[in-house]
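A.B. asks: Below is the file final-v9.txt, which contains compact mmCIF, C-alpha atoms.
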```txt
# COMPACT_ATOMS: atom_id res chain seq x y z
CA MET A 14 114.06 35.41 83.57
CA PRO A 15 111.96 36.84 86.47
CA ALA A 16 108.63 35.19 87.14
CA MET A 17 105.57 37.30 86.44
CA HIS A 18 103.09 37.61 89.26
CA PRO A 19 99.66 36.11 88.61
CA VAL A 20 96.87 38.48 87.65
CA ARG A 21 95.13 39.57 90.86
CA VAL A 22 91.35 39.61 90.54
CA VAL A 23 88.55 41.13 92.58
CA GLY A 24 85.27 39.33 91.97
CA TYR A 25 81.95 41.13 92.05
CA ALA A 26 78.57 39.41 92.50
CA ARG A 27 75.15 41.09 92.59
CA VAL A 28 71.53 40.10 92.84
CA SER A 29 68.39 42.14 93.03
CA THR A 30 65.42 40.48 94.71
CA LYS A 31 63.36 40.26 91.52
CA GLU A 32 66.25 39.01 89.39
CA GLN A 33 67.39 36.48 91.99
CA ALA A 34 63.94 34.94 91.99
CA THR A 35 63.75 34.68 88.19
CA SER A 36 67.34 34.25 86.97
CA GLY A 37 68.58 31.51 89.25
CA ILE A 38 71.99 33.15 89.55
CA SER A 39 72.29 33.37 93.32
CA ILE A 40 75.12 35.14 95.12
CA GLU A 41 76.51 31.76 96.15
CA ALA A 42 76.42 30.41 92.58
CA GLN A 43 78.17 33.55 91.31
CA GLN A 44 80.87 33.24 93.97
CA ALA A 45 81.48 29.61 92.99
CA LYS A 46 81.74 30.49 89.28
CA ILE A 47 84.16 33.33 90.01
CA ALA A 48 86.37 31.03 92.10
CA GLN A 49 86.25 28.30 89.41
CA TYR A 50 87.18 30.76 86.66
CA CYS A 51 90.17 31.96 88.67
CA THR A 52 91.33 28.38 89.22
CA VAL A 53 90.99 27.43 85.54
CA PHE A 54 92.78 30.55 84.28
CA ASP A 55 95.38 30.69 87.08
CA LEU A 56 94.19 34.03 88.43
CA GLN A 57 94.76 35.10 92.02
CA LEU A 58 91.38 35.82 93.64
CA VAL A 59 91.96 38.67 96.08
CA GLU A 60 88.38 39.05 97.30
CA ILE A 61 84.75 38.84 96.17
CA LYS A 62 82.63 41.92 96.83
CA LEU A 63 78.86 41.46 97.09
CA ALA A 64 75.76 43.54 96.42
CA ARG A 65 72.51 41.96 97.64
CA GLY A 66 69.15 43.34 96.58
CA ARG A 67 70.66 46.13 94.48
CA SER A 68 69.70 47.22 90.99
CA ALA A 69 72.38 47.59 88.32
CA LYS A 70 70.87 50.83 87.01
CA THR A 71 73.27 52.86 89.15
CA LEU A 72 76.99 52.51 89.84
CA ASP A 73 76.50 53.74 93.39
CA ARG A 74 76.59 50.31 95.05
CA GLU A 75 78.75 49.50 98.04
CA GLY A 76 80.09 46.22 96.62
CA LEU A 77 80.92 47.76 93.26
CA GLN A 78 82.56 50.82 94.76
CA GLY A 79 84.58 48.55 97.05
CA SER A 80 85.72 46.54 94.03
CA LEU A 81 86.78 49.67 92.17
CA GLN A 82 88.60 50.88 95.29
CA LEU A 83 90.70 47.70 95.28
CA LEU A 84 91.69 48.50 91.71
CA ARG A 85 92.57 52.11 92.56
CA GLU A 86 94.65 50.93 95.53
CA TRP A 87 96.57 48.56 93.18
CA LYS A 88 95.40 45.55 95.21
CA ALA A 89 93.82 43.99 92.10
CA ASP A 90 94.56 44.03 88.37
CA ALA A 91 91.13 43.04 87.09
CA LEU A 92 87.43 43.01 87.99
CA LEU A 93 85.69 39.68 87.32
CA VAL A 94 81.93 39.19 87.02
CA VAL A 95 79.90 36.11 86.12
CA LYS A 96 77.80 38.06 83.60
CA LEU A 97 78.03 41.65 82.44
CA ASP A 98 74.46 42.33 83.58
CA ARG A 99 75.56 41.59 87.15
CA LEU A 100 77.84 44.63 86.84
CA VAL A 101 75.85 47.16 84.85
CA ARG A 102 72.65 47.48 82.84
CA SER A 103 73.18 50.81 81.13
CA THR A 104 75.39 51.88 78.30
CA VAL A 105 76.17 55.11 80.17
CA GLY A 106 77.29 53.16 83.25
CA LEU A 107 79.44 50.77 81.23
CA GLY A 108 80.85 53.67 79.23
CA HIS A 109 81.90 55.37 82.44
CA LEU A 110 83.54 52.21 83.79
CA VAL A 111 85.36 51.47 80.54
CA GLU A 112 86.57 55.07 80.21
CA GLU A 113 87.70 55.38 83.83
CA TYR A 114 89.02 51.88 84.46
CA PHE A 115 89.06 49.49 81.52
CA SER A 116 89.86 51.40 78.31
CA ASP A 117 92.86 50.77 76.10
CA GLY A 118 95.99 51.85 77.90
CA ARG A 119 94.52 51.51 81.41
CA ARG A 120 96.17 49.18 83.86
CA TRP A 121 93.01 47.32 84.85
CA SER A 122 90.86 44.81 82.98
CA LEU A 123 87.22 43.81 83.07
CA LEU A 124 86.63 40.07 82.76
CA SER A 125 83.32 38.22 82.40
CA VAL A 126 82.88 34.48 82.77
CA ALA A 127 79.73 33.97 80.65
CA GLU A 128 80.49 36.36 77.81
CA ASN A 129 84.25 35.66 77.77
CA ILE A 130 84.94 39.41 77.86
CA ASP A 131 88.45 40.71 78.35
CA THR A 132 88.73 44.49 77.91
CA ARG A 133 92.47 44.25 77.30
CA THR A 134 91.47 43.74 73.65
CA ALA A 135 89.50 45.94 71.25
CA ALA A 136 87.19 42.98 70.53
CA GLY A 137 86.53 42.57 74.25
CA ARG A 138 85.60 46.24 74.63
CA LEU A 139 83.28 46.02 71.59
CA VAL A 140 81.48 42.95 72.96
CA ALA A 141 81.13 44.62 76.38
CA ASN A 142 79.48 47.66 74.80
CA VAL A 143 77.10 45.60 72.67
CA LEU A 144 76.05 43.51 75.68
CA ALA A 145 75.57 46.63 77.82
CA SER A 146 73.17 47.96 75.17
CA VAL A 147 71.21 44.70 75.32
CA GLY A 148 71.14 44.86 79.13
CA GLN A 149 69.85 48.42 79.06
CA TRP A 150 67.14 47.43 76.57
CA GLU A 151 66.15 44.48 78.79
CA ARG A 152 65.88 46.71 81.88
CA GLU A 153 63.76 49.27 79.99
CA ALA A 154 61.53 46.52 78.56
CA ILE A 155 60.87 45.15 82.06
CA VAL A 156 59.88 48.64 83.24
CA GLU A 157 57.51 49.03 80.26
CA ARG A 158 55.88 45.63 80.80
CA THR A 159 55.41 46.30 84.50
CA ARG A 160 53.93 49.75 83.84
CA ASP A 161 51.57 48.32 81.20
CA ALA A 162 50.44 45.48 83.48
CA LEU A 163 49.74 47.87 86.36
CA ALA A 164 47.81 50.20 84.06
CA HIS A 165 45.75 47.23 82.82
CA LEU A 166 44.95 46.19 86.41
CA ARG A 167 43.79 49.71 87.25
```
Kindly transcribe the structure held in the file into structure tokens.

C.D. replies:
Amino acid sequence: MPAMHPVRVVGYARVSTKEQATSGISIEAQQAKIAQYCTVFDLQLVEIKLARGRSAKTLDREGLQGSLQLLREWKADALLVVKLDRLVRSTVGLGHLVEEYFSDGRRWSLLSVAENIDTRTAAGRLVANVLASVGQWEREAIVERTRDALAHLR
């Protein structure tokens, strides 16, 4: 029986200045968690792409696009993040990623350490979508609170 090759993973870590200061999930901590996850689950870590000081409201981020490129070039089988909100904070953005890369029948998978997401299953795709909705709500709530506080100060 031929041996199967280990799942090849590209890690993705992101911080925005505001979130890094408040969340405590630094780039270094994310990199360590990604490496640990790969060791525990016997995944081959190909590379970790980084995005420093970038918001998750857009998918147009160098580190993310580099990660997706590794998938398209067949250099990785899965994208691994520490938390889904490190990847995306909008349901539209997640919907695009799932449709283009991680939907049923696609070759690639999305994995998340904290939420235990694996889009190879219907349950994993459902959880990813629910958490993306929560992330979008959180981002919008922060914008509202900031706008209200600035209006109060004026």

A.B. asks: Show me, as JSON lines, the residues of region 41-147 of chain A having an atom within 8 Å of region 18-28 of chain A, each with the closest atom pair and its distance in Å, using all atoms listed in the file.

C.D. replies:
```
{"residue": "A:Gln43", "atom": "CA", "partner": "A:Ala26", "partner_atom": "CA", "distance": 6.0}
{"residue": "A:Gln44", "atom": "CA", "partner": "A:Ala26", "partner_atom": "CA", "distance": 6.7}
{"residue": "A:Ile47", "atom": "CA", "partner": "A:Gly24", "partner_atom": "CA", "distance": 6.4}
{"residue": "A:Cys51", "atom": "CA", "partner": "A:Val22", "partner_atom": "CA", "distance": 8.0}
{"residue": "A:Asp55", "atom": "CA", "partner": "A:Pro19", "partner_atom": "CA", "distance": 7.1}
{"residue": "A:Leu56", "atom": "CA", "partner": "A:Val20", "partner_atom": "CA", "distance": 5.3}
{"residue": "A:Gln57", "atom": "CA", "partner": "A:Arg21", "partner_atom": "CA", "distance": 4.6}
{"residue": "A:Leu58", "atom": "CA", "partner": "A:Val22", "partner_atom": "CA", "distance": 4.9}
{"residue": "A:Val59", "atom": "CA", "partner": "A:Val23", "partner_atom": "CA", "distance": 5.5}
{"residue": "A:Glu60", "atom": "CA", "partner": "A:Val23", "partner_atom": "CA", "distance": 5.2}
{"residue": "A:Ile61", "atom": "CA", "partner": "A:Gly24", "partner_atom": "CA", "distance": 4.3}
{"residue": "A:Lys62", "atom": "CA", "partner": "A:Tyr25", "partner_atom": "CA", "distance": 4.9}
{"residue": "A:Leu63", "atom": "CA", "partner": "A:Ala26", "partner_atom": "CA", "distance": 5.0}
{"residue": "A:Ala64", "atom": "CA", "partner": "A:Arg27", "partner_atom": "CA", "distance": 4.6}
{"residue": "A:Arg65", "atom": "CA", "partner": "A:Val28", "partner_atom": "CA", "distance": 5.2}
{"residue": "A:Gly66", "atom": "CA", "partner": "A:Val28", "partner_atom": "CA", "distance": 5.5}
{"residue": "A:Arg67", "atom": "CA", "partner": "A:Val28", "partner_atom": "CA", "distance": 6.3}
{"residue": "A:Ser68", "atom": "CA", "partner": "A:Val28", "partner_atom": "CA", "distance": 7.6}
{"residue": "A:Gly76", "atom": "CA", "partner": "A:Tyr25", "partner_atom": "CA", "distance": 7.1}
{"residue": "A:Leu77", "atom": "CA", "partner": "A:Tyr25", "partner_atom": "CA", "distance": 6.8}
{"residue": "A:Ser80", "atom": "CA", "partner": "A:Val23", "partner_atom": "CA", "distance": 6.3}
{"residue": "A:Leu83", "atom": "CA", "partner": "A:Val23", "partner_atom": "CA", "distance": 7.4}
{"residue": "A:Lys88", "atom": "CA", "partner": "A:Arg21", "partner_atom": "CA", "distance": 7.4}
{"residue": "A:Ala89", "atom": "CA", "partner": "A:Arg21", "partner_atom": "CA", "distance": 4.8}
{"residue": "A:Asp90", "atom": "CA", "partner": "A:Arg21", "partner_atom": "CA", "distance": 5.1}
{"residue": "A:Ala91", "atom": "CA", "partner": "A:Val22", "partner_atom": "CA", "distance": 4.9}
{"residue": "A:Leu92", "atom": "CA", "partner": "A:Val23", "partner_atom": "CA", "distance": 5.1}
{"residue": "A:Leu93", "atom": "CA", "partner": "A:Gly24", "partner_atom": "CA", "distance": 4.7}
{"residue": "A:Val94", "atom": "CA", "partner": "A:Tyr25", "partner_atom": "CA", "distance": 5.4}
{"residue": "A:Val95", "atom": "CA", "partner": "A:Ala26", "partner_atom": "CA", "distance": 7.3}
{"residue": "A:Arg99", "atom": "CA", "partner": "A:Arg27", "partner_atom": "CA", "distance": 5.5}
{"residue": "A:Leu100", "atom": "CA", "partner": "A:Arg27", "partner_atom": "CA", "distance": 7.3}
```

A.B. asks: Based on the selection just made, write C-alpha atoms of those residues as a short mmCIF file (atom, residue, chain, number, x, y, z; two decimals), in the frame of the given file.

C.D. replies:
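The file below, result34.cif, is the result:
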```
data_model
loop_
_atom_site.label_atom_id
_atom_site.label_comp_id
_atom_site.auth_asym_id
_atom_site.auth_seq_id
_atom_site.Cartn_x
_atom_site.Cartn_y
_atom_site.Cartn_z
CA GLN A 43 78.17 33.55 91.31
CA GLN A 44 80.87 33.24 93.97
CA ILE A 47 84.16 33.33 90.01
CA CYS A 51 90.17 31.96 88.67
CA ASP A 55 95.38 30.69 87.08
CA LEU A 56 94.19 34.03 88.43
CA GLN A 57 94.76 35.10 92.02
CA LEU A 58 91.38 35.82 93.64
CA VAL A 59 91.96 38.67 96.08
CA GLU A 60 88.38 39.05 97.30
CA ILE A 61 84.75 38.84 96.17
CA LYS A 62 82.63 41.92 96.83
CA LEU A 63 78.86 41.46 97.09
CA ALA A 64 75.76 43.54 96.42
CA ARG A 65 72.51 41.96 97.64
CA GLY A 66 69.15 43.34 96.58
CA ARG A 67 70.66 46.13 94.48
CA SER A 68 69.70 47.22 90.99
CA GLY A 76 80.09 46.22 96.62
CA LEU A 77 80.92 47.76 93.26
CA SER A 80 85.72 46.54 94.03
CA LEU A 83 90.70 47.70 95.28
CA LYS A 88 95.40 45.55 95.21
CA ALA A 89 93.82 43.99 92.10
CA ASP A 90 94.56 44.03 88.37
CA ALA A 91 91.13 43.04 87.09
CA LEU A 92 87.43 43.01 87.99
CA LEU A 93 85.69 39.68 87.32
CA VAL A 94 81.93 39.19 87.02
CA VAL A 95 79.90 36.11 86.12
CA ARG A 99 75.56 41.59 87.15
CA LEU A 100 77.84 44.63 86.84
#
```

A.B. asks: Here is a test: counting only C-alpha atoms, which residue of A:Val156, A:Ile130, A:Val53, A:Ala164 is nearest to Leu144 (chain A)?

C.D. replies: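 Among the listed residues, the smallest separation from Leu144 (chain A) belongs to A:Ile130.
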
A.B. asks: Leaving out Ala141 (chain A) and any residue of its chain fewer than 2 positions from it, which residues lie within 12 Å of it when counting all atoms listed in the file, given as a ChimeraX atom specification?

C.D. replies: /A:94,96-98,100-104,106-108,110-111,115-116,122-125,127-139,143-148

A.B. asks: How many Å lie between CA of Glu113 (chain A) and CA of Ile155 (chain A), rounded to one decimal?

C.D. replies: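 Answer for the CA of Glu113 (chain A) to CA of Ile155 (chain A) separation: 28.8 Å.
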
A.B. asks: Please measure the separation of CA of Asn142 (chain A) and CA of Ala154 (chain A), giving the value in Å to one decimal.

C.D. replies: 18.4 Å

A.B. asks: Find the smallest box with edges along x, y and z containing every listed atom of region 151-164 of chain A, then add 5 Å on each side and report centre and edge lengths in Å to one decimal, as lines of an AutoDock Vina configuration file.

C.D. replies:
```
center_x = 57.0
center_y = 47.3
center_z = 82.5
size_x = 28.3
size_y = 15.7
size_z = 17.8
```

A.B. asks: In Å, rounded to a single decimal, give me how far CA of Val126 (chain A) is from CA of Arg74 (chain A).

C.D. replies: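 Interatomic distance, CA of Arg74 (chain A) to CA of Val126 (chain A): 21.0 Å.
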
A.B. asks: For a quick check of understanding, using only C-alpha atoms, which of A:Arg85, A:Glu41, A:Trp150, A:Phe54 has the smallest distance to Tyr114 (chain A)?

C.D. replies: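 Among the listed residues, A:Arg85 lies closest to Tyr114 (chain A).
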